[in-house]
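Okay, structure08.pdb is below, PDB, C-alpha atoms:
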```pdb
MODEL        1
ATOM      1  CA  MET A   1      97.613 101.429  46.949
ATOM      2  CA  ARG A   2      97.484  98.910  44.135
ATOM      3  CA  GLU A   3      94.670  98.752  41.708
ATOM      4  CA  SER A   4      92.987  95.414  41.537
ATOM      5  CA  GLY A   5      91.543  94.967  38.104
ATOM      6  CA  ALA A   6      89.694  91.845  39.175
ATOM      7  CA  CYS A   7      87.931  93.531  42.074
ATOM      8  CA  PRO A   8      84.245  93.969  41.180
ATOM      9  CA  GLU A   9      83.991  96.955  43.495
ATOM     10  CA  SER A  10      86.684  99.040  41.815
ATOM     11  CA  ALA A  11      85.515 102.443  40.637
ATOM     12  CA  GLY A  12      84.512 102.593  37.042
ATOM     13  CA  MET A  13      81.789 103.464  34.630
ATOM     14  CA  GLY A  14      78.497 101.809  35.460
ATOM     15  CA  HIS A  15      79.291 100.991  39.077
ATOM     16  CA  ALA A  16      77.777 102.492  42.221
ATOM     17  CA  PRO A  17      79.519 105.667  43.463
ATOM     18  CA  VAL A  18      82.406 105.125  45.855
ATOM     19  CA  SER A  19      81.999 106.889  49.189
ATOM     20  CA  VAL A  20      85.183 108.312  50.672
ATOM     21  CA  THR A  21      86.126 110.722  53.467
ATOM     22  CA  LEU A  22      88.140 113.713  52.324
ATOM     23  CA  ARG A  23      90.238 115.487  54.964
ATOM     24  CA  TYR A  24      91.900 118.871  54.664
ATOM     25  CA  PHE A  25      94.706 120.417  56.712
ATOM     26  CA  ALA A  26      96.384 123.805  57.260
ATOM     27  CA  TRP A  27      95.708 126.361  54.509
ATOM     28  CA  VAL A  28      93.980 123.784  52.304
ATOM     29  CA  ARG A  29      91.475 123.364  55.157
ATOM     30  CA  GLU A  30      91.138 127.128  55.601
ATOM     31  CA  ARG A  31      90.544 127.793  51.918
ATOM     32  CA  ILE A  32      87.963 125.027  51.553
ATOM     33  CA  GLY A  33      86.349 125.999  54.840
ATOM     34  CA  LYS A  34      85.916 122.517  56.284
ATOM     35  CA  THR A  35      88.064 119.909  58.008
ATOM     36  CA  GLU A  36      86.486 116.906  56.324
ATOM     37  CA  GLU A  37      83.558 115.715  54.263
ATOM     38  CA  VAL A  38      82.181 112.437  52.968
ATOM     39  CA  VAL A  39      81.689 112.427  49.215
ATOM     40  CA  ASP A  40      80.586 109.988  46.540
ATOM     41  CA  LEU A  41      83.261 110.060  43.887
ATOM     42  CA  PRO A  42      81.668 110.131  40.445
ATOM     43  CA  PRO A  43      82.372 107.292  38.032
ATOM     44  CA  GLY A  44      85.538 107.637  36.000
ATOM     45  CA  ILE A  45      87.706 108.967  38.797
ATOM     46  CA  ARG A  46      90.761 106.772  38.943
ATOM     47  CA  THR A  47      93.621 108.742  40.509
ATOM     48  CA  VAL A  48      94.232 111.307  43.241
ATOM     49  CA  GLY A  49      94.844 113.831  40.473
ATOM     50  CA  ASP A  50      91.377 113.051  39.093
ATOM     51  CA  VAL A  51      89.925 113.803  42.549
ATOM     52  CA  VAL A  52      91.703 117.183  42.578
ATOM     53  CA  THR A  53      90.359 118.033  39.127
ATOM     54  CA  TRP A  54      86.846 117.047  40.183
ATOM     55  CA  LEU A  55      87.060 119.045  43.443
ATOM     56  CA  THR A  56      88.342 122.107  41.596
ATOM     57  CA  GLY A  57      85.104 122.170  39.634
ATOM     58  CA  ARG A  58      82.930 122.045  42.753
ATOM     59  CA  GLY A  59      83.287 125.694  43.714
ATOM     60  CA  GLU A  60      85.459 128.734  44.159
ATOM     61  CA  GLU A  61      86.794 127.630  47.546
ATOM     62  CA  TYR A  62      88.088 124.374  46.050
ATOM     63  CA  ALA A  63      89.500 126.169  43.033
ATOM     64  CA  HIS A  64      91.329 128.492  45.424
ATOM     65  CA  ALA A  65      92.731 125.592  47.489
ATOM     66  CA  PHE A  66      93.975 123.784  44.388
ATOM     67  CA  GLU A  67      94.934 126.828  42.300
ATOM     68  CA  ASN A  68      98.486 125.478  42.229
ATOM     69  CA  PRO A  69      97.834 121.726  42.315
ATOM     70  CA  LYS A  70     101.542 120.893  42.262
ATOM     71  CA  VAL A  71     101.921 122.395  45.742
ATOM     72  CA  VAL A  72      99.173 120.375  47.418
ATOM     73  CA  ARG A  73     100.211 116.989  48.816
ATOM     74  CA  ALA A  74      97.965 113.981  49.314
ATOM     75  CA  ALA A  75      97.678 110.866  51.424
ATOM     76  CA  ILE A  76      95.508 107.805  50.921
ATOM     77  CA  ASP A  77      94.548 106.032  54.126
ATOM     78  CA  ARG A  78      97.328 107.888  55.982
ATOM     79  CA  THR A  79     100.129 107.123  53.543
ATOM     80  CA  HIS A  80     101.780 109.737  51.303
ATOM     81  CA  VAL A  81     100.926 109.283  47.623
ATOM     82  CA  ARG A  82     101.653 111.004  44.322
ATOM     83  CA  PRO A  83      98.945 112.495  42.090
ATOM     84  CA  ASP A  84      99.015 109.465  39.801
ATOM     85  CA  ALA A  85      98.226 107.074  42.673
ATOM     86  CA  ALA A  86      95.092 105.011  42.124
ATOM     87  CA  VAL A  87      92.226 105.824  44.472
ATOM     88  CA  GLY A  88      91.170 102.173  44.424
ATOM     89  CA  GLN A  89      89.331 101.249  47.601
ATOM     90  CA  ALA A  90      90.536 104.284  49.583
ATOM     91  CA  ARG A  91      88.458 105.099  52.644
ATOM     92  CA  GLU A  92      90.195 108.388  53.431
ATOM     93  CA  ILE A  93      91.999 110.831  51.150
ATOM     94  CA  ALA A  94      93.744 113.823  52.713
ATOM     95  CA  PHE A  95      94.987 117.008  51.052
ATOM     96  CA  PHE A  96      97.499 119.360  52.671
ATOM     97  CA  PRO A  97     100.357 121.778  51.990
ATOM     98  CA  PRO A  98     104.023 120.755  52.153
ATOM     99  CA  MET A  99     104.798 119.776  55.733
ATOM    100  CA  THR A 100     106.508 122.162  58.136
ATOM    101  CA  GLY A 101     106.824 120.251  61.400
ATOM    102  CA  GLY A 102     109.919 119.515  63.402
TER
ATOM    103  CA  MET B   1     111.292  99.717  71.818
ATOM    104  CA  ALA B   2     110.519 103.039  70.256
ATOM    105  CA  THR B   3     108.352 105.632  71.970
ATOM    106  CA  ILE B   4     106.375 107.961  69.674
ATOM    107  CA  ARG B   5     103.960 110.544  71.008
ATOM    108  CA  LEU B   6     102.013 113.507  69.647
ATOM    109  CA  GLN B   7     100.852 115.623  72.557
ATOM    110  CA  ARG B   8      99.784 119.108  73.624
ATOM    111  CA  GLU B   9     101.687 118.903  76.897
ATOM    112  CA  ASP B  10     105.307 119.839  77.404
ATOM    113  CA  PHE B  11     108.020 117.179  77.738
ATOM    114  CA  ASP B  12     111.145 116.836  79.879
ATOM    115  CA  ALA B  13     114.115 116.031  77.623
ATOM    116  CA  ALA B  14     116.425 115.052  80.488
ATOM    117  CA  ALA B  15     113.820 112.754  82.024
ATOM    118  CA  GLU B  16     113.148 111.052  78.658
ATOM    119  CA  ALA B  17     116.876 110.499  78.083
ATOM    120  CA  ALA B  18     117.361 109.148  81.612
ATOM    121  CA  LYS B  19     114.381 106.819  81.208
ATOM    122  CA  MET B  20     115.885 105.394  78.032
ATOM    123  CA  ALA B  21     119.289 104.648  79.539
ATOM    124  CA  ARG B  22     118.189 103.489  82.984
ATOM    125  CA  GLY B  23     119.444  99.960  83.720
ATOM    126  CA  ARG B  24     120.651  99.557  80.112
ATOM    127  CA  THR B  25     124.415  99.180  80.535
ATOM    128  CA  GLU B  26     124.846  98.169  76.873
ATOM    129  CA  ILE B  27     124.047 101.785  75.928
ATOM    130  CA  GLY B  28     127.153 103.915  75.475
ATOM    131  CA  ALA B  29     125.669 107.010  73.858
ATOM    132  CA  VAL B  30     122.426 108.937  74.165
ATOM    133  CA  VAL B  31     121.751 111.903  71.866
ATOM    134  CA  THR B  32     118.869 114.258  72.634
ATOM    135  CA  PHE B  33     117.685 116.950  70.251
ATOM    136  CA  THR B  34     115.112 119.512  71.358
ATOM    137  CA  GLY B  35     113.481 121.886  68.877
ATOM    138  CA  ILE B  36     112.306 125.120  70.519
ATOM    139  CA  CYS B  37     109.912 127.836  69.373
ATOM    140  CA  ARG B  38     112.024 130.943  68.649
ATOM    141  CA  ASP B  39     110.943 134.571  68.555
ATOM    142  CA  HIS B  40     112.008 135.368  64.991
ATOM    143  CA  GLU B  41     112.018 133.924  61.493
ATOM    144  CA  ALA B  42     113.596 135.382  58.360
ATOM    145  CA  GLY B  43     113.921 138.847  59.844
ATOM    146  CA  HIS B  44     110.465 139.263  61.394
ATOM    147  CA  GLY B  45     109.284 138.709  64.939
ATOM    148  CA  VAL B  46     107.231 135.640  65.886
ATOM    149  CA  THR B  47     104.906 135.890  68.880
ATOM    150  CA  ALA B  48     103.501 132.340  68.739
ATOM    151  CA  LEU B  49     103.354 129.165  66.644
ATOM    152  CA  THR B  50     100.311 126.954  66.258
ATOM    153  CA  LEU B  51     101.063 123.399  65.181
ATOM    154  CA  GLU B  52      98.384 121.427  63.391
ATOM    155  CA  HIS B  53      98.787 117.694  62.814
ATOM    156  CA  TYR B  54      97.032 114.818  61.104
ATOM    157  CA  PRO B  55      96.119 112.552  64.026
ATOM    158  CA  GLY B  56      96.952 108.946  63.326
ATOM    159  CA  MET B  57      99.012 109.596  60.222
ATOM    160  CA  ALA B  58     101.534 111.718  62.134
ATOM    161  CA  GLU B  59     102.262 108.841  64.521
ATOM    162  CA  GLU B  60     102.317 106.281  61.698
ATOM    163  CA  GLU B  61     104.605 108.357  59.486
ATOM    164  CA  ILE B  62     107.042 108.982  62.338
ATOM    165  CA  ALA B  63     106.957 105.247  63.150
ATOM    166  CA  ARG B  64     107.859 104.439  59.534
ATOM    167  CA  HIS B  65     110.932 106.665  59.779
ATOM    168  CA  VAL B  66     111.899 105.301  63.177
ATOM    169  CA  ALA B  67     111.758 101.801  61.662
ATOM    170  CA  GLU B  68     113.950 103.039  58.813
ATOM    171  CA  ALA B  69     116.455 104.534  61.302
ATOM    172  CA  GLU B  70     116.526 101.222  63.191
ATOM    173  CA  ARG B  71     117.253  99.438  59.919
ATOM    174  CA  ARG B  72     120.156 101.763  59.108
ATOM    175  CA  TRP B  73     121.848 102.085  62.485
ATOM    176  CA  PRO B  74     122.333  99.758  65.474
ATOM    177  CA  LEU B  75     120.029 101.671  67.808
ATOM    178  CA  LEU B  76     119.209 100.636  71.349
ATOM    179  CA  GLY B  77     116.373 103.103  71.857
ATOM    180  CA  VAL B  78     114.395 105.840  70.080
ATOM    181  CA  THR B  79     111.957 108.384  71.494
ATOM    182  CA  VAL B  80     110.168 110.986  69.370
ATOM    183  CA  ILE B  81     107.745 113.439  70.979
ATOM    184  CA  HIS B  82     106.133 116.193  68.894
ATOM    185  CA  ARG B  83     103.847 118.783  70.389
ATOM    186  CA  TYR B  84     100.826 120.367  68.716
ATOM    187  CA  GLY B  85      98.639 123.330  69.599
ATOM    188  CA  ARG B  86      99.695 126.885  70.353
ATOM    189  CA  LEU B  87     103.289 127.456  71.504
ATOM    190  CA  VAL B  88     105.117 130.655  72.406
ATOM    191  CA  PRO B  89     108.827 131.481  72.084
ATOM    192  CA  GLY B  90     110.807 129.395  74.534
ATOM    193  CA  ASP B  91     108.364 126.485  74.447
ATOM    194  CA  ASN B  92     109.566 123.042  73.410
ATOM    195  CA  ILE B  93     108.271 121.790  70.043
ATOM    196  CA  VAL B  94     109.920 118.445  69.340
ATOM    197  CA  LEU B  95     112.166 115.932  71.067
ATOM    198  CA  VAL B  96     114.252 113.189  69.476
ATOM    199  CA  VAL B  97     116.256 110.840  71.719
ATOM    200  CA  THR B  98     118.426 108.113  70.211
ATOM    201  CA  ALA B  99     120.598 105.590  72.026
ATOM    202  CA  SER B 100     123.304 103.297  70.742
ATOM    203  CA  ALA B 101     126.491 101.600  71.906
ATOM    204  CA  HIS B 102     128.556 104.296  70.178
ATOM    205  CA  ARG B 103     127.961 107.965  69.480
ATOM    206  CA  SER B 104     128.146 108.013  65.668
ATOM    207  CA  ALA B 105     124.994 105.929  65.216
ATOM    208  CA  ALA B 106     123.079 107.931  67.823
ATOM    209  CA  PHE B 107     124.055 111.283  66.259
ATOM    210  CA  ALA B 108     123.333 110.133  62.698
ATOM    211  CA  ALA B 109     119.949 108.620  63.574
ATOM    212  CA  ALA B 110     118.831 111.761  65.439
ATOM    213  CA  ASP B 111     119.871 113.937  62.477
ATOM    214  CA  PHE B 112     118.090 111.616  60.029
ATOM    215  CA  LEU B 113     114.889 111.590  62.083
ATOM    216  CA  MET B 114     114.778 115.389  62.377
ATOM    217  CA  ASP B 115     115.319 115.854  58.645
ATOM    218  CA  TYR B 116     112.447 113.499  57.871
ATOM    219  CA  LEU B 117     110.181 114.935  60.557
ATOM    220  CA  LYS B 118     110.476 118.327  58.899
ATOM    221  CA  THR B 119     109.581 117.162  55.412
ATOM    222  CA  ARG B 120     107.448 114.001  55.766
ATOM    223  CA  ALA B 121     105.568 114.056  59.077
ATOM    224  CA  PRO B 122     102.110 115.600  58.559
ATOM    225  CA  LEU B 123     102.480 118.682  60.746
ATOM    226  CA  TRP B 124     102.067 122.324  59.818
ATOM    227  CA  LYS B 125     103.161 125.518  61.569
ATOM    228  CA  GLN B 126     101.201 128.746  61.564
ATOM    229  CA  GLU B 127     103.008 131.851  62.833
ATOM    230  CA  GLU B 128     101.525 134.714  64.753
ATOM    231  CA  ARG B 129     103.395 137.905  63.967
ATOM    232  CA  ALA B 130     102.770 141.620  63.897
ATOM    233  CA  GLY B 131      99.816 142.133  61.593
ATOM    234  CA  GLY B 132      98.299 138.670  61.713
ATOM    235  CA  THR B 133      98.939 134.998  61.101
ATOM    236  CA  ALA B 134     100.667 133.155  58.276
ATOM    237  CA  TRP B 135     101.285 129.502  57.440
ATOM    238  CA  VAL B 136     104.981 128.754  57.384
ATOM    239  CA  ASP B 137     106.296 127.891  53.903
ATOM    240  CA  ALA B 138     108.240 124.675  53.458
ATOM    241  CA  LYS B 139     111.934 125.389  53.030
ATOM    242  CA  ASP B 140     113.996 124.114  50.114
ATOM    243  CA  ALA B 141     116.851 123.704  52.607
ATOM    244  CA  ASP B 142     114.777 121.193  54.585
ATOM    245  CA  ASP B 143     114.000 119.194  51.429
ATOM    246  CA  ALA B 144     117.689 119.209  50.561
ATOM    247  CA  ALA B 145     118.581 118.065  54.081
ATOM    248  CA  ALA B 146     116.169 115.129  53.827
ATOM    249  CA  GLU B 147     117.341 114.325  50.311
ATOM    250  CA  ARG B 148     120.899 113.653  51.453
ATOM    251  CA  TRP B 149     119.714 110.524  53.310
ATOM    252  CA  VAL B 150     118.268 108.906  50.216
ATOM    253  CA  GLU B 151     120.140 105.720  49.543
ATOM    254  CA  PRO B 152     121.147 105.470  45.892
ATOM    255  CA  SER B 153     120.036 102.029  44.727
ATOM    256  CA  LYS B 154     123.314 101.702  42.867
ATOM    257  CA  ARG B 155     125.227 102.020  46.101
ATOM    258  CA  ASP B 156     123.123  99.203  47.631
ATOM    259  CA  ALA B 157     123.899  96.977  44.685
ATOM    260  CA  ALA B 158     127.634  97.658  44.976
ATOM    261  CA  GLU B 159     127.840  96.726  48.642
TER
ENDMDL
END
```
Would you encode the structure as structure tokens?
Amino acid sequence: MRESGACPESAGMGHAPVSVTLRYFAWVRERIGKTEEVVDLPPGIRTVGDVVTWLTGRGEEYAHAFENPKVVRAAIDRTHVRPDAAVGQAREIAFFPPMTGG
Amino acid sequence: MATIRLQREDFDAAAEAAKMARGRTEIGAVVTFTGICRDHEAGHGVTALTLEHYPGMAEEEIARHVAEAERRWPLLGVTVIHRYGRLVPGDNIVLVVTASAHRSAAFAAADFLMDYLKTRAPLWKQEERAGGTAWVDAKDADDAAAERWVEPSKRDAAE
């Protein structure tokens, strides 16, 4: 995801909240107690890491899921991203443990 | 050309390999790898595995790595089937079939795809064992196995 500074809809102070679907998998899902939710990200949230910090403050279950934020992986619109990735116009952000398929 | 499926149902490795090679006389090598649910892990018994996946992303992520394998090796066919849901020891989990004119490309591509499936495809295993259930921890060895395929940019520049 690239941030488009010229886009009038990009998240920022003074703009309408950005609605996004958050999805959780495996033990992240179990700890939070839901598979997905639609949230309005508050102004000022720029990166995936910012989303994690914001979620952590929403309740004990989130704090538990993200107690070791380095372990939890993320994807924006079904593509792996790092914590410093810009949320931009994301429609779906997923959080999950390291993968153990195969 | 590639076939990628996430499914609950079992698969038939021999049938998938035969389907790939049928009528394709340019193919000289077909490699099939089947991952099977085993009854033990790190010294404890395992009575079942439940595989959870991220629908949509799992297929897309596998497709990205199949495309990468096709870029690296002269492949004539790729099939990846990964099961989800509850599996018991002896059940098939994952199938990778690769075809090429010669064996080295087919072996290497199958190995590459399995290493990336384990570390990059959004799937998670939960074990049932004596005393309850536990999510399987990612293994450093799997990360190291995937890491060995990373192409150093310097090597690209030198070629």
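Considering the residues B:Glu61, B:Asp137, B:Glu9, B:Asp39 and counting only C-alpha atoms, Lys125 in chain B has its shortest atom-to-atom contact with B:Asp137.
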With a distance threshold of 8 Å and counting only C-alpha atoms, extract the residues of chain A near chain B and express them as a list of chain:residue names.
A:Phe25, A:Ala26, A:Trp27, A:Arg78, A:Thr79, A:Pro98, A:Met99, A:Thr100, A:Gly101, A:Gly102
Can you report as lines of an AutoDock Vina configuration file the centre and edge lengths in Å, to one decimal, of an axis-aligned box around the listed atoms of range 58-73 of chain A padded with 3 Å on each side?
```
center_x = 92.4
center_y = 122.9
center_z = 45.5
size_x = 25.0
size_y = 17.7
size_z = 12.6
```
Identify, on the basis of all atoms listed in the file, every residue whose closest approach to range 31-47 of chain A does not exceed 7 Å; exclude the query and any residue fewer than 4 positions from it along the same chain; express the result as a VMD selection string.
chain A and resid 11 to 13 17 to 25 27 51 61 to 62 64 to 65 83 to 87
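Reported to one decimal place, the separation of CA of Val30 in chain B from CA of Asp91 in chain B is 22.5 Å.
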Could you check how far CA of Arg38 in chain B sits from CA of Arg129 in chain B, in Å to one decimal?
12.0 Å
To verify the selection step, state as a PyMOL selection string which residues the PyMOL selection byres ((chain A and resi 72) around 8) yields on this input.
chain A and resi 28+66+68-71+73-74+95-98
Only C-alpha atoms, please: the residues just picked out, written as a JSON list (two decimals), in the coordinates of the input.
```json
[["chain", "number", "residue", "atom", "x", "y", "z"],
["A", 28, "VAL", "CA", 93.98, 123.78, 52.30],
["A", 66, "PHE", "CA", 93.98, 123.78, 44.39],
["A", 68, "ASN", "CA", 98.49, 125.48, 42.23],
["A", 69, "PRO", "CA", 97.83, 121.73, 42.32],
["A", 70, "LYS", "CA", 101.54, 120.89, 42.26],
["A", 71, "VAL", "CA", 101.92, 122.40, 45.74],
["A", 73, "ARG", "CA", 100.21, 116.99, 48.82],
["A", 74, "ALA", "CA", 97.96, 113.98, 49.31],
["A", 95, "PHE", "CA", 94.99, 117.01, 51.05],
["A", 96, "PHE", "CA", 97.50, 119.36, 52.67],
["A", 97, "PRO", "CA", 100.36, 121.78, 51.99],
["A", 98, "PRO", "CA", 104.02, 120.76, 52.15]]
```
Might you spell out which residues the PyMOL selection byres ((chain B and resi 13) around 9) would select in the displayed file, as a PDB file with C-alpha atoms, keeping the file's coordinate frame?
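The file below, selection.pdb, is the result:
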```pdb
ATOM      1  CA  PHE B  11     108.020 117.179  77.738  1.00  0.00           C
ATOM      2  CA  ASP B  12     111.145 116.836  79.879  1.00  0.00           C
ATOM      3  CA  ALA B  14     116.425 115.052  80.488  1.00  0.00           C
ATOM      4  CA  ALA B  15     113.820 112.754  82.024  1.00  0.00           C
ATOM      5  CA  GLU B  16     113.148 111.052  78.658  1.00  0.00           C
ATOM      6  CA  ALA B  17     116.876 110.499  78.083  1.00  0.00           C
ATOM      7  CA  ALA B  18     117.361 109.148  81.612  1.00  0.00           C
ATOM      8  CA  THR B  32     118.869 114.258  72.634  1.00  0.00           C
ATOM      9  CA  PHE B  33     117.685 116.950  70.251  1.00  0.00           C
ATOM     10  CA  THR B  34     115.112 119.512  71.358  1.00  0.00           C
ATOM     11  CA  LEU B  95     112.166 115.932  71.067  1.00  0.00           C
ATOM     12  CA  VAL B  96     114.252 113.189  69.476  1.00  0.00           C
ATOM     13  CA  VAL B  97     116.256 110.840  71.719  1.00  0.00           C
TER      14      VAL B  97
END
```
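Between Gly88 in chain A and the candidates A:Glu67, A:Val48, A:Thr53, A:Ala75, the tightest atom-to-atom separation, counting all atoms listed in the file, involves A:Val48.
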Determine the residue set returned by the PyMOL selection byres ((chain B and resi 45) around 12) for the present structure, and present it as a list of chain:residue names.
B:Cys37, B:Arg38, B:Asp39, B:His40, B:Glu41, B:Ala42, B:Gly43, B:His44, B:Val46, B:Thr47, B:Ala48, B:Leu49, B:Val88, B:Pro89, B:Glu127, B:Glu128, B:Arg129, B:Ala130, B:Gly131, B:Gly132, B:Thr133
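Residues within 10 Å of Leu76 in chain B, counting all atoms listed in the file and excluding same-chain residues fewer than 4 positions away, are B:Met1, B:Ala2, B:Met20, B:Ala21, B:Arg24, B:Glu26, B:Ile27, B:Gly28, B:Ala29, B:Val30, B:Glu70, B:Thr98, B:Ala99, B:Ser100, B:Ala101, B:Ala105, B:Ala106.
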